[in-house]
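Asks: Got a structure for you, written out below as structure tokens; questions coming shortly.
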Amino acid sequence: MAAQALKRLNGLRDTITDICSISGTPGLSFGVFHEDQVLQTENFGYADIEAQIPPSSETRYAIGSLTKAFTAAAVGRLIEDGKLTWDSPVRDVMGEGFHFSDPGLTQRISVLDILSHRMGIQRSNQLWYGNDNLLLLDKADVIPHVQYLSPVQQYNTTVHYNNWGYALAGRLLEKVSGEGWASYIQENLLLPLQMNSTDCKTGPEDAKPYTFLDNHTFHTLPPPTVQDGSIIDASQSIRSSVNDMLKWCRALIKAYTDEQETGQTGSADSPLKQLSRMMSDCTPFAKPFGPRSSYGMGWVQAQLPTILGAVGCNPGFVKSMPIVGKDKDLKIFYHQGSMAGYTTSVFLIPSTQSAIVVLTNSLSLNDAADWVGQAILEALLDVKEPNDYVEYAKESASAHLAKFPAMRKSLEAQKILGTEPKQLDAYEGKYYNGIGNFYIDIVRSQQLGGLQLAFQGLTSQAWSLEHYHQDQFLWLMSRNEAVSRARFPYSPEKLYKLDFQTDDRGEVDSLLWAHDADGPPERFYKVPLGASRQDVGAHRLQADD
């Protein structure tokens, strides 16, 4: 059986090479664990293009949201030790004064809720993630920012994927354990599993991160600054290799299988506990992924045949996702991860004691790690009519390249002609969110001859503004400009609008910015020249009157 599986996997080499070429992925490493042994590891392209260094199964990649499973597993250990329950209210764990913006959520939200993406609050990714892989908020902002976020979806309905739940879980883990999140992960998971190449910071063994430009050339990106001690560490910060991730997968499959067979919540010889609960169907996905897929805690559970790729970008760039495993009926678990410069995927198949790990080093034209992972999954399971993932790679890459021109065309069609802006100095000022931890600095640029914005007032976060109509301005750039500055190019056109608001005297006092794809625009309050963050509250009250 293993020999036949290996033969099918070897037959995928041209497919993987083609997907990497189409998507703009310079380097890819994958590994397959099957029937209690490492069946194959393969590497493609370059970990470092300039130095012509190929990757190996020891090359490290930023694994992005695959970090979430480690955080969930760490919380599972605390629960096994009796320090928490899955149903513990977050407000009780975090202590007096902790709350959500909605009092009903404060009463309801549990440990399980924050790990299973069913809080329903704003994603607010644009406020912590900046250009060039820089972070715009600090770790100290996690609690106040989570408390500030508004509901945008009904609690406990369908998956509303949110990095802030895991950022909060990291702070919760630190409070309960008395240790830093990264040190707890290291001591209780990585060291026992002998994942010696895995940690939460950039290192010399890492594949260099790249992006792919419209002219099909690669551009080197700065390494991600999400790491131990940063705001989103418990959601995104781990770096690992194929060899280490296969150790992780093997331990997960064994511990999960043991729990299923014994009915126990853990065994003495494994650092992994509570996996049956952690990998259960906590929150359903909306269509097209539901009803055969649901989110557990750090894992998507899916029953083949079904559509996969629920937590990546590919669904937004194809007319319809492929149905995977059309002639199979078995349960799998998977997840995807992305950072600017890396995409990753992991699949677990407990019934066959199998796992697939795919790691890449590019912000490319699609989620190549997902397409390759699905192709490997169908080959491993010997699906009789596998999908043509090269064609899906072509379709998604083409749609990706068309996105920015399409947004520009759409905006032009909606433009109100013949309107003029106010004098540009009327818009200048610092515009703060309601809690004053994030602001947009609007200034006149002599070099540009117009206005520019700078998130948090940083020159590294500056973009030029163009007048759109009335009191609205755009900061829409080309795709090349976006990805070369490590910005994810998946946002809708409304992200790139700033709508300045005036008071009853006709003076600009705030702006509206729709930085959340699924929520209403947020109001940012103008603070006069020379005023500070501490003055936000007073000006917020004035603007709201």
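In the structure tokens, each chain is lettered A, B, ... as it comes, each chain's residues begin at 1, and ligands are numbered from 1 in order of appearance.
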Give me, as a list in words, all polymer residues having an atom no more than 6 Å from Lys273 in chain A, counting only C-alpha atoms and skipping those fewer than 5 positions away in the same chain.

Replies: Gly76, Arg77, Thr265 and Gly266 of chain A

Asks: Considering only C-alpha atoms, return as JSON, numbers by chain whatever protein or nucleic-acid residues lie within 7 Å of Phe30 in chain A, sequence-local ones (same chain, fewer than 4 positions apart) excluded.

Replies: {"A": [41, 42, 43, 242, 357, 358, 359]}

Asks: So that each row is one residue of range 253-346 of chain A with an atom at most 10 Å from range 143-160 of chain A, can you give its shortest atom pair and the distance in Å to one decimal, using only C-alpha atoms, rows by chain and rising number, as JSON lines?

Replies:
```
{"residue": "A:Cys282", "atom": "CA", "partner": "A:Asn156", "partner_atom": "CA", "distance": 9.3}
{"residue": "A:Thr283", "atom": "CA", "partner": "A:Val159", "partner_atom": "CA", "distance": 5.8}
{"residue": "A:Pro284", "atom": "CA", "partner": "A:Thr158", "partner_atom": "CA", "distance": 5.1}
{"residue": "A:Phe285", "atom": "CA", "partner": "A:Val159", "partner_atom": "CA", "distance": 5.2}
{"residue": "A:Ala286", "atom": "CA", "partner": "A:Thr158", "partner_atom": "CA", "distance": 5.8}
{"residue": "A:Lys287", "atom": "CA", "partner": "A:Thr158", "partner_atom": "CA", "distance": 9.6}
{"residue": "A:Gly290", "atom": "CA", "partner": "A:Thr158", "partner_atom": "CA", "distance": 9.1}
{"residue": "A:Ser294", "atom": "CA", "partner": "A:Val159", "partner_atom": "CA", "distance": 7.8}
{"residue": "A:Tyr295", "atom": "CA", "partner": "A:Val159", "partner_atom": "CA", "distance": 7.0}
{"residue": "A:Gly296", "atom": "CA", "partner": "A:Val159", "partner_atom": "CA", "distance": 10.0}
{"residue": "A:Ala310", "atom": "CA", "partner": "A:Val159", "partner_atom": "CA", "distance": 10.0}
```

Asks: How would the residues just picked look written out with N, CA and C atoms as a PDB file, in the first residue's frame?

Replies:
```
ATOM      1  N   CYS A 282     -17.130  22.368  16.549  1.00  0.00           N
ATOM      2  CA  CYS A 282     -17.631  23.418  17.439  1.00  0.00           C
ATOM      3  C   CYS A 282     -18.508  24.432  16.715  1.00  0.00           C
ATOM      4  N   THR A 283     -18.062  24.909  15.556  1.00  0.00           N
ATOM      5  CA  THR A 283     -18.755  25.996  14.864  1.00  0.00           C
ATOM      6  C   THR A 283     -18.926  25.639  13.392  1.00  0.00           C
ATOM      7  N   PRO A 284     -20.160  25.648  12.872  1.00  0.00           N
ATOM      8  CA  PRO A 284     -20.358  25.306  11.458  1.00  0.00           C
ATOM      9  C   PRO A 284     -19.891  26.422  10.534  1.00  0.00           C
ATOM     10  N   PHE A 285     -19.490  26.063   9.340  1.00  0.00           N
ATOM     11  CA  PHE A 285     -19.203  27.037   8.292  1.00  0.00           C
ATOM     12  C   PHE A 285     -20.486  27.358   7.526  1.00  0.00           C
ATOM     13  N   ALA A 286     -20.553  28.578   7.032  1.00  0.00           N
ATOM     14  CA  ALA A 286     -21.620  28.929   6.102  1.00  0.00           C
ATOM     15  C   ALA A 286     -21.324  28.289   4.745  1.00  0.00           C
ATOM     16  N   LYS A 287     -22.294  28.313   3.848  1.00  0.00           N
ATOM     17  CA  LYS A 287     -22.062  27.813   2.497  1.00  0.00           C
ATOM     18  C   LYS A 287     -20.981  28.655   1.827  1.00  0.00           C
ATOM     19  N   GLY A 290     -20.153  24.723   4.471  1.00  0.00           N
ATOM     20  CA  GLY A 290     -21.091  23.943   5.251  1.00  0.00           C
ATOM     21  C   GLY A 290     -21.991  23.137   4.323  1.00  0.00           C
ATOM     22  N   SER A 294     -16.677  22.113   9.578  1.00  0.00           N
ATOM     23  CA  SER A 294     -16.888  22.917  10.775  1.00  0.00           C
ATOM     24  C   SER A 294     -15.531  23.240  11.375  1.00  0.00           C
ATOM     25  N   TYR A 295     -15.519  24.220  12.266  1.00  0.00           N
ATOM     26  CA  TYR A 295     -14.263  24.592  12.923  1.00  0.00           C
ATOM     27  C   TYR A 295     -14.267  24.064  14.345  1.00  0.00           C
ATOM     28  N   GLY A 296     -13.137  23.439  14.710  1.00  0.00           N
ATOM     29  CA  GLY A 296     -12.943  23.017  16.092  1.00  0.00           C
ATOM     30  C   GLY A 296     -12.210  24.108  16.845  1.00  0.00           C
ATOM     31  N   ALA A 310     -11.081  26.365   3.361  1.00  0.00           N
ATOM     32  CA  ALA A 310     -12.007  27.337   3.959  1.00  0.00           C
ATOM     33  C   ALA A 310     -11.333  28.521   4.618  1.00  0.00           C
TER      34      ALA A 310
END
```

Asks: Identify which of the residues A:Ile442, A:Leu134, A:Pro350, A:Glu493 lies closest to Glu412 in chain A, counting only C-alpha atoms when measuring atom-to-atom distances.

Replies: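 Of A:Ile442, A:Leu134, A:Pro350, A:Glu493, the one nearest Glu412 in chain A is A:Glu493, counting only C-alpha atoms.
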
Asks: Using only C-alpha atoms, which residue out of A:Trp128, A:Phe289, A:Tyr61, A:Trp181 lies closest to Trp164 in chain A?

Replies: A:Trp128

Asks: Please identify all polymer residues within 10 Å of Leu458 in chain A, counting only C-alpha atoms, omitting same-chain residues fewer than 3 positions from it, and present them as number ranges by chain.

Replies: A: 136, 440-441, 453-455, 461-462

Asks: Using N, CA and C atoms, can you export the residues from the last selection as a short mmCIF file (atom, residue, chain, number, x, y, z; two decimals), in the first residue's frame?

Replies:
```cif
data_model
loop_
_atom_site.label_atom_id
_atom_site.label_comp_id
_atom_site.auth_asym_id
_atom_site.auth_seq_id
_atom_site.Cartn_x
_atom_site.Cartn_y
_atom_site.Cartn_z
N LEU A 136 1.56 47.44 13.92
CA LEU A 136 1.16 48.80 14.27
C LEU A 136 0.60 48.92 15.68
N ILE A 440 -4.78 57.79 12.07
CA ILE A 440 -4.41 58.03 10.67
C ILE A 440 -4.01 59.50 10.58
N ASP A 441 -2.77 59.73 10.22
CA ASP A 441 -2.26 61.09 10.10
C ASP A 441 -2.45 61.56 8.66
N LEU A 453 -1.74 59.86 3.61
CA LEU A 453 -2.04 59.31 4.94
C LEU A 453 -0.82 58.58 5.45
N ALA A 454 -0.72 58.47 6.76
CA ALA A 454 0.32 57.66 7.38
C ALA A 454 -0.30 56.99 8.60
N PHE A 455 -0.44 55.67 8.55
CA PHE A 455 -0.98 54.94 9.68
C PHE A 455 -0.01 55.06 10.87
N GLN A 461 4.53 53.84 6.78
CA GLN A 461 3.14 53.44 6.57
C GLN A 461 2.36 54.47 5.76
N ALA A 462 3.08 55.26 4.96
CA ALA A 462 2.46 56.36 4.21
C ALA A 462 1.98 55.90 2.84
#
```

Asks: Write out as an MDAnalysis selection string each polymer residue whose atoms come within 7 Å of Asp471 in chain A, counting only C-alpha atoms; drop sequence neighbours fewer than 6 positions from it.

Replies: chainID A and resid 421 499:500

Asks: I need the chosen residues saved as a compact mmCIF listing (two decimals), in the first residue's frame, with C-alpha atoms.

Replies:
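Ended up saving to part-v7.txt:
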```
# COMPACT_ATOMS: atom_id res chain seq x y z
CA PRO A 421 -12.64 68.94 -2.44
CA ASP A 499 -14.87 59.51 3.75
CA PHE A 500 -14.30 62.76 5.64
```

Asks: Measuring atom to atom with only C-alpha atoms, identify which of A:Ala207, A:Ile16, A:Val176, A:Ile121 is nearest to Pro223 in chain A.

Replies: A:Ala207

Asks: As an exercise, work out the distance from CA of Thr459 in chain A to CA of Tyr432 in chain A in Å and give it to one decimal place.

Replies: 17.2 Å

Asks: I'd like a table as JSON lines: residues in range 271-370 of chain A with an atom no more than 10 Å from range 81-90 of chain A, each row giving the shortest atom pair and its distance in Å to one decimal, only C-alpha atoms counted, sorted by chain and rising residue number.

Replies:
```
{"residue": "A:Lys273", "atom": "CA", "partner": "A:Asp81", "partner_atom": "CA", "distance": 9.5}
{"residue": "A:Gln274", "atom": "CA", "partner": "A:Trp86", "partner_atom": "CA", "distance": 9.9}
{"residue": "A:Arg277", "atom": "CA", "partner": "A:Trp86", "partner_atom": "CA", "distance": 8.8}
{"residue": "A:Met278", "atom": "CA", "partner": "A:Trp86", "partner_atom": "CA", "distance": 9.3}
```

Asks: Can you write just those residues out, N, CA and C atoms, as a CSV table (one decimal), in the first residue's frame?

Replies:
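Result written to result.csv:
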```csv
chain,number,residue,atom,x,y,z
A,273,LYS,N,-3.3,16.9,25.1
A,273,LYS,CA,-4.5,16.5,25.8
A,273,LYS,C,-5.7,17.1,25.2
A,274,GLN,N,-6.9,16.5,25.5
A,274,GLN,CA,-8.2,17.1,25.2
A,274,GLN,C,-8.4,17.3,23.7
A,277,ARG,N,-12.0,17.0,22.1
A,277,ARG,CA,-12.8,18.2,22.2
A,277,ARG,C,-12.3,19.3,21.3
A,278,MET,N,-10.9,19.4,21.3
A,278,MET,CA,-10.3,20.4,20.5
A,278,MET,C,-10.6,20.3,19.0
```

Asks: If we count only C-alpha atoms, what is near Ala69 in chain A at a cut-off of 12 Å, once residues fewer than 2 positions away on the same chain are taken out, given as a VMD selection string?

Replies: chain A and resid 63 to 67 71 to 76 115 to 116 166 169 to 170 185 189 234 to 238 245 248 to 249 252 272 275 278 to 279 295 to 300 333 to 337 346

Asks: For Pro224 in chain A, find every residue with an atom within 9 Å (counting only C-alpha atoms), except residues of its own chain fewer than 3 positions away, and show them as a PyMOL selection string.

Replies: chain A and resi 62+132-135+201-202+209+221+227+237+339-341

Asks: Step one, run DSSP on the backbone; step two, keep only residues of range 189-338 of chain A assigned to alpha helix (DSSP H); then write them as a ChimeraX atom specification.

Replies: /A:233-236,242-262,275-278

Asks: Just to be explicit: take each residue in the selection above, keep N, CA and C atoms, and write the result as a tab-separated table (two decimals), in the first residue's frame.

Replies:
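Result file result.tsv:
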```tsv
chain	number	residue	atom	x	y	z
A	233	ASP	N	1.11	37.15	18.59
A	233	ASP	CA	2.01	35.99	18.63
A	233	ASP	C	1.27	34.66	18.75
A	234	ALA	N	0.24	34.59	19.57
A	234	ALA	CA	-0.46	33.32	19.80
A	234	ALA	C	-1.30	32.89	18.61
A	235	SER	N	-1.41	33.74	17.61
A	235	SER	CA	-2.18	33.42	16.41
A	235	SER	C	-1.31	33.12	15.20
A	236	GLN	N	-0.07	33.68	15.14
A	236	GLN	CA	0.64	33.70	13.86
A	236	GLN	C	2.15	33.47	13.92
A	242	VAL	N	9.48	21.24	7.66
A	242	VAL	CA	8.69	20.05	7.32
A	242	VAL	C	8.98	18.92	8.31
A	243	ASN	N	10.24	18.69	8.62
A	243	ASN	CA	10.56	17.59	9.53
A	243	ASN	C	9.93	17.78	10.90
A	244	ASP	N	10.00	19.01	11.43
A	244	ASP	CA	9.38	19.25	12.74
A	244	ASP	C	7.86	19.18	12.67
A	245	MET	N	7.28	19.69	11.59
A	245	MET	CA	5.82	19.66	11.48
A	245	MET	C	5.30	18.23	11.32
A	246	LEU	N	6.10	17.35	10.72
A	246	LEU	CA	5.70	15.95	10.65
A	246	LEU	C	5.72	15.31	12.04
A	247	LYS	N	6.67	15.71	12.89
A	247	LYS	CA	6.65	15.24	14.28
A	247	LYS	C	5.37	15.69	14.98
A	248	TRP	N	5.00	16.94	14.76
A	248	TRP	CA	3.79	17.50	15.34
A	248	TRP	C	2.55	16.72	14.87
A	249	CYS	N	2.48	16.47	13.57
A	249	CYS	CA	1.33	15.76	13.02
A	249	CYS	C	1.25	14.33	13.52
A	250	ARG	N	2.39	13.69	13.60
A	250	ARG	CA	2.41	12.29	14.08
A	250	ARG	C	1.91	12.22	15.52
A	251	ALA	N	2.35	13.17	16.36
A	251	ALA	CA	1.92	13.21	17.75
A	251	ALA	C	0.42	13.50	17.85
A	252	LEU	N	-0.08	14.39	17.01
A	252	LEU	CA	-1.51	14.71	17.01
A	252	LEU	C	-2.35	13.49	16.63
A	253	ILE	N	-1.95	12.82	15.56
A	253	ILE	CA	-2.72	11.66	15.11
A	253	ILE	C	-2.73	10.56	16.18
A	254	LYS	N	-1.58	10.31	16.78
A	254	LYS	CA	-1.50	9.26	17.80
A	254	LYS	C	-2.36	9.62	19.01
A	255	ALA	N	-2.22	10.85	19.50
A	255	ALA	CA	-2.98	11.25	20.68
A	255	ALA	C	-4.48	11.27	20.40
A	256	TYR	N	-4.87	11.76	19.24
A	256	TYR	CA	-6.28	11.80	18.88
A	256	TYR	C	-6.84	10.37	18.77
A	257	THR	N	-6.11	9.49	18.11
A	257	THR	CA	-6.55	8.11	17.95
A	257	THR	C	-6.67	7.42	19.30
A	258	ASP	N	-5.69	7.62	20.19
A	258	ASP	CA	-5.75	7.03	21.53
A	258	ASP	C	-6.97	7.51	22.29
A	259	GLU	N	-7.27	8.80	22.19
A	259	GLU	CA	-8.44	9.34	22.89
A	259	GLU	C	-9.72	8.73	22.34
A	260	GLN	N	-9.79	8.58	21.02
A	260	GLN	CA	-10.99	8.00	20.41
A	260	GLN	C	-11.18	6.55	20.84
A	261	GLU	N	-10.08	5.82	20.97
A	261	GLU	CA	-10.17	4.40	21.31
A	261	GLU	C	-10.41	4.16	22.80
A	262	THR	N	-9.83	5.01	23.65
A	262	THR	CA	-9.92	4.77	25.09
A	262	THR	C	-11.00	5.59	25.79
A	275	LEU	N	-7.72	16.39	22.89
A	275	LEU	CA	-7.80	16.54	21.44
A	275	LEU	C	-9.19	16.23	20.88
A	276	SER	N	-9.89	15.28	21.49
A	276	SER	CA	-11.22	14.96	20.98
A	276	SER	C	-12.14	16.17	21.03
A	277	ARG	N	-12.02	16.96	22.08
A	277	ARG	CA	-12.82	18.18	22.18
A	277	ARG	C	-12.26	19.27	21.28
A	278	MET	N	-10.95	19.39	21.27
A	278	MET	CA	-10.31	20.44	20.48
A	278	MET	C	-10.59	20.26	18.99
```

Asks: Just want the 7 Å neighbourhood of Leu465 in chain A, counted on only C-alpha atoms, with same-chain residues fewer than 6 positions away dropped. Output as a list in words.

Replies: Leu451, Gln452, Leu453, Phe473, Leu474 and Trp475 of chain A

Asks: Return the single residue from A:Lys68, A:Gly95, A:Thr225, A:Pro192 that is closest to Ala167 in chain A, with distances computed using only C-alpha atoms.

Replies: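 Comparing A:Lys68, A:Gly95, A:Thr225, A:Pro192 against Ala167 in chain A, the winner is A:Lys68.
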
Asks: If you measure from CA of Ser230 in chain A to CA of Leu137 in chain A, what distance in Å do you get, rounded to one decimal?

Replies: 8.5 Å

Asks: Using only C-alpha atoms, which residue out of A:Val390, A:Leu127, A:Leu363, A:Leu168 lies closest to Ala375 in chain A?

Replies: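 Closest residue, counting only C-alpha atoms: A:Val390.
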